$ cat structure20.cif   # mmCIF, C-alpha atoms
data_protein
loop_
_atom_site.label_atom_id
_atom_site.label_comp_id
_atom_site.auth_asym_id
_atom_site.auth_seq_id
_atom_site.Cartn_x
_atom_site.Cartn_y
_atom_site.Cartn_z
CA MET H 440 65.22 92.53 96.30
CA SER H 441 66.54 95.72 94.74
CA ILE H 442 65.37 96.97 91.35
CA ALA H 443 68.99 96.84 90.16
CA LEU H 444 69.30 93.12 91.01
CA ILE H 445 65.99 92.33 89.31
CA GLY H 446 67.12 94.26 86.23
CA LEU H 447 70.47 92.49 86.22
CA LYS H 448 68.84 89.06 86.52
CA THR H 449 66.55 89.92 83.59
CA LEU H 450 69.41 91.10 81.41
CA VAL H 451 71.81 88.24 82.19
CA GLY H 452 68.93 85.73 81.92
CA GLY H 453 68.08 87.01 78.44
CA PHE H 454 71.71 86.80 77.28
CA ALA H 455 72.11 83.29 78.75
CA VAL H 456 69.03 82.07 76.85
CA VAL H 457 70.37 83.51 73.60
CA ALA H 458 73.79 81.88 74.20
CA PHE H 459 72.33 78.40 74.84
CA SER H 460 69.88 78.74 71.94
CA LEU H 461 72.79 79.52 69.60
CA ILE H 462 74.59 76.37 70.75
CA GLY H 463 71.35 74.45 70.10
CA GLN H 464 71.00 76.05 66.68
CA ALA H 465 74.49 74.88 65.72
CA GLY H 466 73.94 71.38 67.13
CA HIS H 467 72.88 68.37 65.08
CA PRO H 468 71.01 66.07 64.79
CA LYS H 469 67.79 67.77 65.86
CA ARG H 470 67.11 65.56 68.86
CA PHE H 471 70.59 66.36 70.19
CA ALA H 472 70.03 70.07 69.54
CA GLY H 473 66.80 69.73 71.52
CA LEU H 474 68.80 69.10 74.71
CA PHE H 475 69.78 72.77 74.59
CA SER H 476 66.12 73.82 74.37
CA ALA H 477 65.88 72.67 77.98
CA ALA H 478 69.26 73.99 79.12
CA PRO H 479 69.53 75.63 82.55
CA SER H 480 70.18 79.05 80.98
CA VAL H 481 67.86 81.23 83.10
CA ALA H 482 68.62 79.14 86.18
CA LEU H 483 72.39 79.48 85.83
CA ALA H 484 72.17 83.25 85.31
CA SER H 485 69.65 83.83 88.06
CA LEU H 486 71.30 81.60 90.67
CA ALA H 487 74.72 83.14 89.92
CA MET H 488 73.32 86.67 90.37
CA THR H 489 71.65 85.66 93.64
CA VAL H 490 74.89 84.12 94.93
CA VAL H 491 76.81 87.31 94.13
CA ALA H 492 74.20 89.65 95.61
CA LYS H 493 72.92 87.67 98.60
CA GLY H 494 75.19 84.69 99.22
CA ALA H 495 74.75 80.92 99.00
CA ASP H 496 72.13 80.57 101.76
CA ALA H 497 69.69 82.90 99.99
CA THR H 498 70.18 80.91 96.77
CA LEU H 499 69.19 77.52 98.23
CA PRO H 500 65.40 78.06 98.23
CA TYR H 501 65.56 79.15 94.57
CA ALA H 502 67.31 75.86 93.74
CA GLN H 503 64.68 73.95 95.75
CA GLY H 504 61.93 75.64 93.74
CA MET H 505 63.79 74.87 90.54
CA LEU H 506 63.94 71.16 91.40
CA ILE H 507 60.12 71.17 91.63
CA GLY H 508 59.86 73.23 88.45
CA SER H 509 62.04 70.77 86.56
CA ALA H 510 59.49 68.00 87.19
CA GLY H 511 56.99 70.32 85.51
CA MET H 512 59.43 70.82 82.65
CA VAL H 513 59.67 67.05 82.01
CA ALA H 514 55.86 66.87 81.98
CA TYR H 515 55.72 69.89 79.66
CA CYS H 516 58.07 68.32 77.11
CA LEU H 517 56.26 64.96 77.13
CA VAL H 518 52.84 66.57 76.72
CA SER H 519 54.12 68.93 74.04
CA LEU H 520 55.29 65.90 72.04
CA VAL H 521 51.75 64.55 72.01
CA LEU H 522 50.18 67.94 71.25
CA ILE H 523 52.64 69.05 68.54
CA ASN H 524 51.77 65.87 66.67
CA ARG H 525 48.09 66.83 66.75
CA LEU H 526 47.95 70.63 66.84
CA HIS H 527 51.30 71.79 65.41
CA ALA H 528 54.07 73.61 67.24
CA LEU H 529 52.63 76.95 68.35
CA VAL H 530 49.29 75.72 69.72
CA GLY H 531 50.65 72.37 70.96
CA SER H 532 53.68 73.74 72.78
CA SER H 533 51.70 76.66 74.25
CA LEU H 534 48.88 74.41 75.51
CA ALA H 535 51.50 72.14 77.09
CA TRP H 536 52.23 74.97 79.56
CA LEU H 537 49.17 73.64 81.39
CA ALA H 538 51.09 70.41 82.06
CA TRP H 539 53.94 72.43 83.62
CA LEU H 540 51.41 74.35 85.70
CA ALA H 541 49.65 71.17 86.88
CA VAL H 542 52.82 69.26 87.82
CA ALA H 543 54.98 72.10 89.18
CA GLY H 544 52.01 73.82 90.84
CA GLY H 545 50.72 70.54 92.25
CA LEU H 546 54.08 69.48 93.66
CA TYR H 547 54.67 72.96 95.09
CA ALA H 548 51.25 73.00 96.75
CA ALA H 549 51.75 69.48 98.10
CA ALA H 550 55.32 69.67 99.35
CA GLY H 551 57.14 72.73 98.20
CA ARG H 552 55.87 75.48 100.47
CA MET U 41 55.05 62.98 61.52
CA ASP U 42 57.63 61.62 59.10
CA GLY U 43 59.09 58.45 60.64
CA ARG U 44 61.74 58.15 57.94
CA GLN U 45 62.96 61.68 58.68
CA LEU U 46 63.18 60.87 62.40
CA LEU U 47 65.18 57.70 61.67
CA ASP U 48 67.56 59.61 59.39
CA ASP U 49 67.92 62.25 62.10
CA ASP U 50 68.93 59.60 64.64
CA LEU U 51 71.55 58.16 62.26
CA GLU U 52 73.22 61.54 61.73
CA GLN U 53 76.52 62.03 63.53
CA VAL U 54 76.40 64.24 66.63
CA GLY U 55 78.24 67.53 66.37
CA PHE U 56 78.03 71.25 65.82
CA HIS U 57 77.88 73.26 62.59
CA TRP U 58 79.19 76.56 63.94
CA SER U 59 78.86 78.12 60.50
CA LYS U 60 75.07 77.97 61.00
CA LEU U 61 75.40 80.74 63.58
CA SER U 62 75.96 83.29 60.84
CA LYS U 63 72.41 82.53 59.68
CA ALA U 64 70.88 83.40 63.08
CA SER U 65 68.56 86.30 62.42
CA PRO U 66 68.49 89.27 64.83
CA PRO U 67 64.65 89.20 65.19
CA GLU U 68 64.78 85.52 66.26
CA LEU U 69 67.54 86.24 68.76
CA LEU U 70 65.55 89.20 70.07
CA ILE U 71 62.46 86.99 70.59
CA ARG U 72 64.57 84.54 72.63
CA PHE U 73 66.17 87.36 74.60
CA VAL U 74 62.76 88.86 75.43
CA PHE U 75 61.22 85.52 76.50
CA GLY U 76 64.36 84.48 78.42
CA GLY U 77 64.75 87.85 80.14
CA GLY U 78 60.99 87.90 80.75
CA ILE U 79 60.96 84.62 82.66
CA ALA U 80 64.04 85.66 84.65
CA LEU U 81 62.09 88.81 85.58
CA VAL U 82 59.02 86.75 86.58
CA ALA U 83 61.23 84.49 88.73
CA ALA U 84 62.87 87.47 90.45
CA ILE U 85 59.63 89.39 91.12
CA SER U 86 57.61 86.35 92.22
CA GLY U 87 60.53 85.33 94.44
CA SER U 88 60.38 88.76 96.07
CA LEU U 89 56.61 88.73 96.48
CA PHE U 90 55.82 85.12 97.33
CA GLY U 91 59.14 83.71 98.55
CA PRO U 92 62.28 82.45 96.80
CA ARG U 93 61.11 78.84 96.62
CA PHE U 94 58.08 79.98 94.60
CA GLY U 95 60.30 82.16 92.40
CA GLY U 96 62.61 79.19 91.85
CA LEU U 97 59.81 77.29 90.10
CA PHE U 98 60.16 79.66 87.13
CA LEU U 99 63.87 78.88 86.73
CA ALA U 100 62.63 75.67 85.11
CA PHE U 101 59.71 77.13 83.14
CA PRO U 102 59.64 76.45 79.38
CA ALA U 103 59.24 80.12 78.42
CA VAL U 104 61.25 80.05 75.21
CA LEU U 105 60.27 76.60 73.88
CA PRO U 106 56.99 77.54 72.11
CA ALA U 107 58.82 80.28 70.19
CA THR U 108 61.77 77.97 69.40
CA LEU U 109 59.56 75.08 68.26
CA THR U 110 57.36 77.37 66.15
CA LEU U 111 60.43 78.80 64.40
CA ILE U 112 61.79 75.29 63.74
CA GLU U 113 58.42 74.13 62.39
CA LYS U 114 58.23 77.15 60.08
CA LYS U 115 61.73 76.59 58.68
CA GLU U 116 62.15 72.80 58.76
CA GLY U 117 58.72 71.24 59.30
CA THR U 118 56.73 69.65 62.13
CA THR U 119 58.90 66.51 62.33
CA LYS U 120 62.02 68.55 63.12
CA ALA U 121 60.11 70.57 65.75
CA TRP U 122 58.93 67.27 67.25
CA ALA U 123 62.51 65.93 67.28
CA ASP U 124 63.68 69.07 69.07
CA ALA U 125 60.96 68.69 71.74
CA SER U 126 61.90 65.02 72.05
CA GLY U 127 65.47 66.05 72.96
CA GLY U 128 63.94 68.61 75.31
CA VAL U 129 62.52 65.79 77.47
CA LEU U 130 66.08 64.60 78.17
CA GLY U 131 67.33 68.15 78.72
CA ALA U 132 64.53 68.62 81.24
CA ILE U 133 65.61 65.52 83.18
CA GLY U 134 69.09 67.07 83.16
CA LEU U 135 67.56 70.23 84.66
CA ALA U 136 66.55 68.23 87.71
CA ALA U 137 70.16 66.98 87.98
CA PHE U 138 71.34 70.60 87.75
CA ALA U 139 69.03 71.72 90.58
CA PHE U 140 69.87 68.67 92.73
CA THR U 141 73.64 69.16 92.34
CA ALA U 142 73.37 72.89 93.07
CA LEU U 143 71.32 72.14 96.21
CA GLN U 144 73.93 69.71 97.52
CA LEU U 145 76.97 71.93 96.91
CA LEU U 146 75.88 75.58 97.09
CA ARG U 147 76.72 75.99 100.78
CA ALA U 148 80.19 74.49 100.38
CA ASN U 149 81.33 76.54 97.38
CA PRO U 150 78.77 78.38 95.23
CA VAL U 151 81.01 78.88 92.18
CA VAL U 152 82.08 75.22 92.07
CA ALA U 153 78.47 74.20 92.81
CA LEU U 154 77.09 76.03 89.76
CA ALA U 155 79.91 74.79 87.52
CA LEU U 156 79.35 71.18 88.63
CA ALA U 157 75.57 71.62 88.34
CA LEU U 158 76.03 72.66 84.70
CA LEU U 159 78.28 69.64 84.18
CA ALA U 160 75.63 67.42 85.78
CA TRP U 161 73.02 68.77 83.32
CA LEU U 162 75.34 68.07 80.40
CA LEU U 163 76.30 64.58 81.59
CA VAL U 164 72.78 63.45 82.49
CA SER U 165 71.03 64.82 79.39
CA GLY U 166 73.91 63.82 77.09
CA SER U 167 74.12 60.28 78.50
CA LEU U 168 70.35 59.84 78.22
CA TYR U 169 70.53 61.05 74.62
CA PHE U 170 73.21 58.54 73.62
CA LEU U 171 71.53 55.75 75.61
CA SER U 172 68.17 56.41 73.91
CA ARG U 173 69.83 56.63 70.51
CA GLU U 174 71.83 53.44 70.86
CA THR U 175 69.13 51.29 72.48
CA GLY U 176 66.26 52.30 70.20
CA LEU U 177 64.36 54.08 72.98
CA PHE U 178 63.72 57.01 70.63
CA LEU U 179 62.05 54.68 68.17
CA TRP U 180 59.87 53.24 70.95
CA GLN U 181 58.97 56.74 72.12
CA ASP U 182 58.12 57.84 68.59
CA LYS U 183 55.81 54.85 68.10
CA LEU U 184 54.17 55.25 71.51
CA LEU U 185 53.44 58.96 71.24
CA THR U 186 52.34 59.01 67.62
CA LYS U 187 50.47 55.70 67.36
CA SER U 188 46.97 57.21 67.52
CA ARG U 189 47.69 59.27 64.40
#
$ encode --input "structure20.cif" --output "structure tokens"
Amino acid sequence: MSIALIGLKTLVGGFAVVAFSLIGQAGHPKRFAGLFSAAPSVALASLAMTVVAKGADATLPYAQGMLIGSAGMVAYCLVSLVLINRLHALVGSSLAWLAWLAVAGGLYAAAGR
Amino acid sequence: MDGRQLLDDDLEQVGFHWSKLSKASPPELLIRFVFGGGIALVAAISGSLFGPRFGGLFLAFPAVLPATLTLIEKKEGTTKAWADASGGVLGAIGLAAFAFTALQLLRANPVVALALALLAWLLVSGSLYFLSRETGLFLWQDKLLTKSR
């Protein structure tokens, strides 16, 4: 992958995250706004860039990986709910990354490769 | 966790206060840009080094959520941060719908595939939100996950 494509994915990914987070910030009530915290912002930007640069076939494995990663994301959010209640947001939501790692990593090791 | 605040939150009408966007501070937006761009970079580089399927994992990595939840907690309290994460569970299920739809349609028409995948995310996470709100599932979830406190 060229440096230019990696740079473009980074830039567009960053802007997409900001755009979705602004929609979330405007949304209410808070639980509804939370949907946008797990919006496919980076995915949309990154998959679109890959389609443009390399075509649909090269994009498929990224989407397959993302499907596995999204199981990790569900686990992350559930575990973060438990941990935020006990440890507050920064520590709880950071520690919950381990849940993403366990589920996404486990599924990838078991079936994803 | 303030149960009353969560109940009030669930009774509030769904919508958007676009005027709130004028209050978005540049440092907060920069933090989100850096974390969002950072994870896109990790996905691209790891996809190059270890294969695109591995890189794809990071397209559904919660890179920005700790920063978002910490900012919400600071401004509005732990209950609001918890409510946001609670909505995140449904958004994450929608992410799977996004990836599944993209997988099915990318070969046929990539532009339509990504547009419909985004629609699938919106429909699945939005429907789950309204279903949970109307059937009291949120209340059940709140009780289940906070009962040991």
$ interface_residues --input "structure20.cif" --of "chain H" --to "chain U" --cutoff "7 Å" --atoms "only C-alpha atoms" --output "VMD selection string"
chain H and resid 440 445 448 to 450 452 to 454 456 to 457 461 465 to 479 481 to 482 485 490 495 to 496 499 to 509 512 to 513 516 to 517 520 to 521 523 to 524 527 to 529 532 to 533
$ atom_distance --input "structure20.cif" --atom1 "atom CA of Thr489 of chain H" --atom2 "atom CA of Leu540 of chain H"
24.5 Å
$ atom_distance --input "structure20.cif" --atom1 "atom CA of Val451 of chain H" --atom2 "atom CA of Gly511 of chain H"
23.5 Å
$ atom_distance --input "structure20.cif" --atom1 "atom CA of Leu447 of chain H" --atom2 "atom CA of Leu486 of chain H"
11.8 Å
$ closest_residue --input "structure20.cif" --among "H:Ala497, H:Ala550, H:Val542, H:Ala484" --to "Phe459 of chain H" --atoms "all atoms listed in the file"
H:Ala484
$ decode --input "structure20.cif" --residues "segment 92-175 of chain U" --atoms "C-alpha atoms" --output "PDB file, in the first residue's frame"
ATOM      1  CA  PRO U  92      -6.170  -6.910   4.964  1.00  0.00           C
ATOM      2  CA  ARG U  93      -8.394  -9.175   7.046  1.00  0.00           C
ATOM      3  CA  PHE U  94      -6.235  -8.402  10.096  1.00  0.00           C
ATOM      4  CA  GLY U  95      -6.274  -4.687   9.253  1.00  0.00           C
ATOM      5  CA  GLY U  96     -10.066  -4.839   8.932  1.00  0.00           C
ATOM      6  CA  LEU U  97     -10.371  -5.757  12.619  1.00  0.00           C
ATOM      7  CA  PHE U  98      -9.375  -2.185  13.510  1.00  0.00           C
ATOM      8  CA  LEU U  99     -12.189  -0.695  11.420  1.00  0.00           C
ATOM      9  CA  ALA U 100     -14.388  -1.714  14.355  1.00  0.00           C
ATOM     10  CA  PHE U 101     -12.018  -0.771  17.188  1.00  0.00           C
ATOM     11  CA  PRO U 102     -13.375   1.603  19.862  1.00  0.00           C
ATOM     12  CA  ALA U 103     -10.473   4.063  19.578  1.00  0.00           C
ATOM     13  CA  VAL U 104     -12.404   7.251  20.249  1.00  0.00           C
ATOM     14  CA  LEU U 105     -14.868   5.995  22.887  1.00  0.00           C
ATOM     15  CA  PRO U 106     -12.663   6.376  26.008  1.00  0.00           C
ATOM     16  CA  ALA U 107     -11.982  10.013  25.079  1.00  0.00           C
ATOM     17  CA  THR U 108     -15.658  10.653  24.255  1.00  0.00           C
ATOM     18  CA  LEU U 109     -16.941   9.028  27.459  1.00  0.00           C
ATOM     19  CA  THR U 110     -14.369  10.821  29.609  1.00  0.00           C
ATOM     20  CA  LEU U 111     -15.376  14.181  28.124  1.00  0.00           C
ATOM     21  CA  ILE U 112     -19.083  13.417  28.720  1.00  0.00           C
ATOM     22  CA  GLU U 113     -18.381  12.351  32.313  1.00  0.00           C
ATOM     23  CA  LYS U 114     -16.418  15.539  32.951  1.00  0.00           C
ATOM     24  CA  LYS U 115     -19.175  17.789  31.575  1.00  0.00           C
ATOM     25  CA  GLU U 116     -22.388  15.934  32.448  1.00  0.00           C
ATOM     26  CA  GLY U 117     -21.539  13.241  35.000  1.00  0.00           C
ATOM     27  CA  THR U 118     -21.017   9.464  35.096  1.00  0.00           C
ATOM     28  CA  THR U 119     -24.686   8.609  34.454  1.00  0.00           C
ATOM     29  CA  LYS U 120     -24.671  10.452  31.116  1.00  0.00           C
ATOM     30  CA  ALA U 121     -21.396   8.748  30.124  1.00  0.00           C
ATOM     31  CA  TRP U 122     -22.984   5.408  31.040  1.00  0.00           C
ATOM     32  CA  ALA U 123     -26.072   6.227  28.949  1.00  0.00           C
ATOM     33  CA  ASP U 124     -23.852   7.058  25.985  1.00  0.00           C
ATOM     34  CA  ALA U 125     -21.994   3.727  26.305  1.00  0.00           C
ATOM     35  CA  SER U 126     -25.361   1.993  26.617  1.00  0.00           C
ATOM     36  CA  GLY U 127     -26.367   3.397  23.209  1.00  0.00           C
ATOM     37  CA  GLY U 128     -22.941   2.352  21.957  1.00  0.00           C
ATOM     38  CA  VAL U 129     -23.873  -1.325  22.477  1.00  0.00           C
ATOM     39  CA  LEU U 130     -26.673  -0.926  19.919  1.00  0.00           C
ATOM     40  CA  GLY U 131     -24.458   1.071  17.559  1.00  0.00           C
ATOM     41  CA  ALA U 132     -21.921  -1.752  17.757  1.00  0.00           C
ATOM     42  CA  ILE U 133     -24.544  -4.328  16.749  1.00  0.00           C
ATOM     43  CA  GLY U 134     -25.303  -2.001  13.834  1.00  0.00           C
ATOM     44  CA  LEU U 135     -21.595  -2.106  12.931  1.00  0.00           C
ATOM     45  CA  ALA U 136     -21.907  -5.832  12.331  1.00  0.00           C
ATOM     46  CA  ALA U 137     -24.886  -5.125  10.041  1.00  0.00           C
ATOM     47  CA  PHE U 138     -22.755  -2.550   8.199  1.00  0.00           C
ATOM     48  CA  ALA U 139     -19.910  -5.046   7.644  1.00  0.00           C
ATOM     49  CA  PHE U 140     -22.302  -7.858   6.661  1.00  0.00           C
ATOM     50  CA  THR U 141     -24.154  -5.690   4.116  1.00  0.00           C
ATOM     51  CA  ALA U 142     -20.884  -4.390   2.645  1.00  0.00           C
ATOM     52  CA  LEU U 143     -19.600  -7.970   2.319  1.00  0.00           C
ATOM     53  CA  GLN U 144     -22.704  -9.073   0.427  1.00  0.00           C
ATOM     54  CA  LEU U 145     -22.826  -6.156  -2.017  1.00  0.00           C
ATOM     55  CA  LEU U 146     -19.278  -4.851  -2.543  1.00  0.00           C
ATOM     56  CA  ARG U 147     -18.594  -6.981  -5.619  1.00  0.00           C
ATOM     57  CA  ALA U 148     -21.846  -5.970  -7.306  1.00  0.00           C
ATOM     58  CA  ASN U 149     -21.553  -2.205  -6.839  1.00  0.00           C
ATOM     59  CA  PRO U 150     -19.136  -0.764  -4.272  1.00  0.00           C
ATOM     60  CA  VAL U 151     -20.714   2.701  -4.049  1.00  0.00           C
ATOM     61  CA  VAL U 152     -24.233   1.330  -3.559  1.00  0.00           C
ATOM     62  CA  ALA U 153     -22.815  -1.305  -1.178  1.00  0.00           C
ATOM     63  CA  LEU U 154     -21.277   1.292   1.152  1.00  0.00           C
ATOM     64  CA  ALA U 155     -24.382   3.510   1.010  1.00  0.00           C
ATOM     65  CA  LEU U 156     -26.658   0.559   1.851  1.00  0.00           C
ATOM     66  CA  ALA U 157     -24.220  -0.625   4.542  1.00  0.00           C
ATOM     67  CA  LEU U 158     -24.492   2.788   6.210  1.00  0.00           C
ATOM     68  CA  LEU U 159     -28.276   2.570   5.931  1.00  0.00           C
ATOM     69  CA  ALA U 160     -28.151  -0.920   7.475  1.00  0.00           C
ATOM     70  CA  TRP U 161     -26.167   0.467  10.439  1.00  0.00           C
ATOM     71  CA  LEU U 162     -28.702   3.257  10.904  1.00  0.00           C
ATOM     72  CA  LEU U 163     -31.739   0.965  10.590  1.00  0.00           C
ATOM     73  CA  VAL U 164     -30.422  -1.804  12.843  1.00  0.00           C
ATOM     74  CA  SER U 165     -29.046   0.430  15.607  1.00  0.00           C
ATOM     75  CA  GLY U 166     -32.004   2.843  15.386  1.00  0.00           C
ATOM     76  CA  SER U 167     -34.596   0.042  15.464  1.00  0.00           C
ATOM     77  CA  LEU U 168     -32.858  -1.607  18.428  1.00  0.00           C
ATOM     78  CA  TYR U 169     -32.823   1.747  20.215  1.00  0.00           C
ATOM     79  CA  PHE U 170     -36.560   2.330  19.784  1.00  0.00           C
ATOM     80  CA  LEU U 171     -37.351  -1.320  20.578  1.00  0.00           C
ATOM     81  CA  SER U 172     -35.309  -1.174  23.803  1.00  0.00           C
ATOM     82  CA  ARG U 173     -36.848   2.154  24.744  1.00  0.00           C
ATOM     83  CA  GLU U 174     -40.432   1.085  24.143  1.00  0.00           C
ATOM     84  CA  THR U 175     -40.226  -2.392  25.685  1.00  0.00           C
TER      85      THR U 175
END
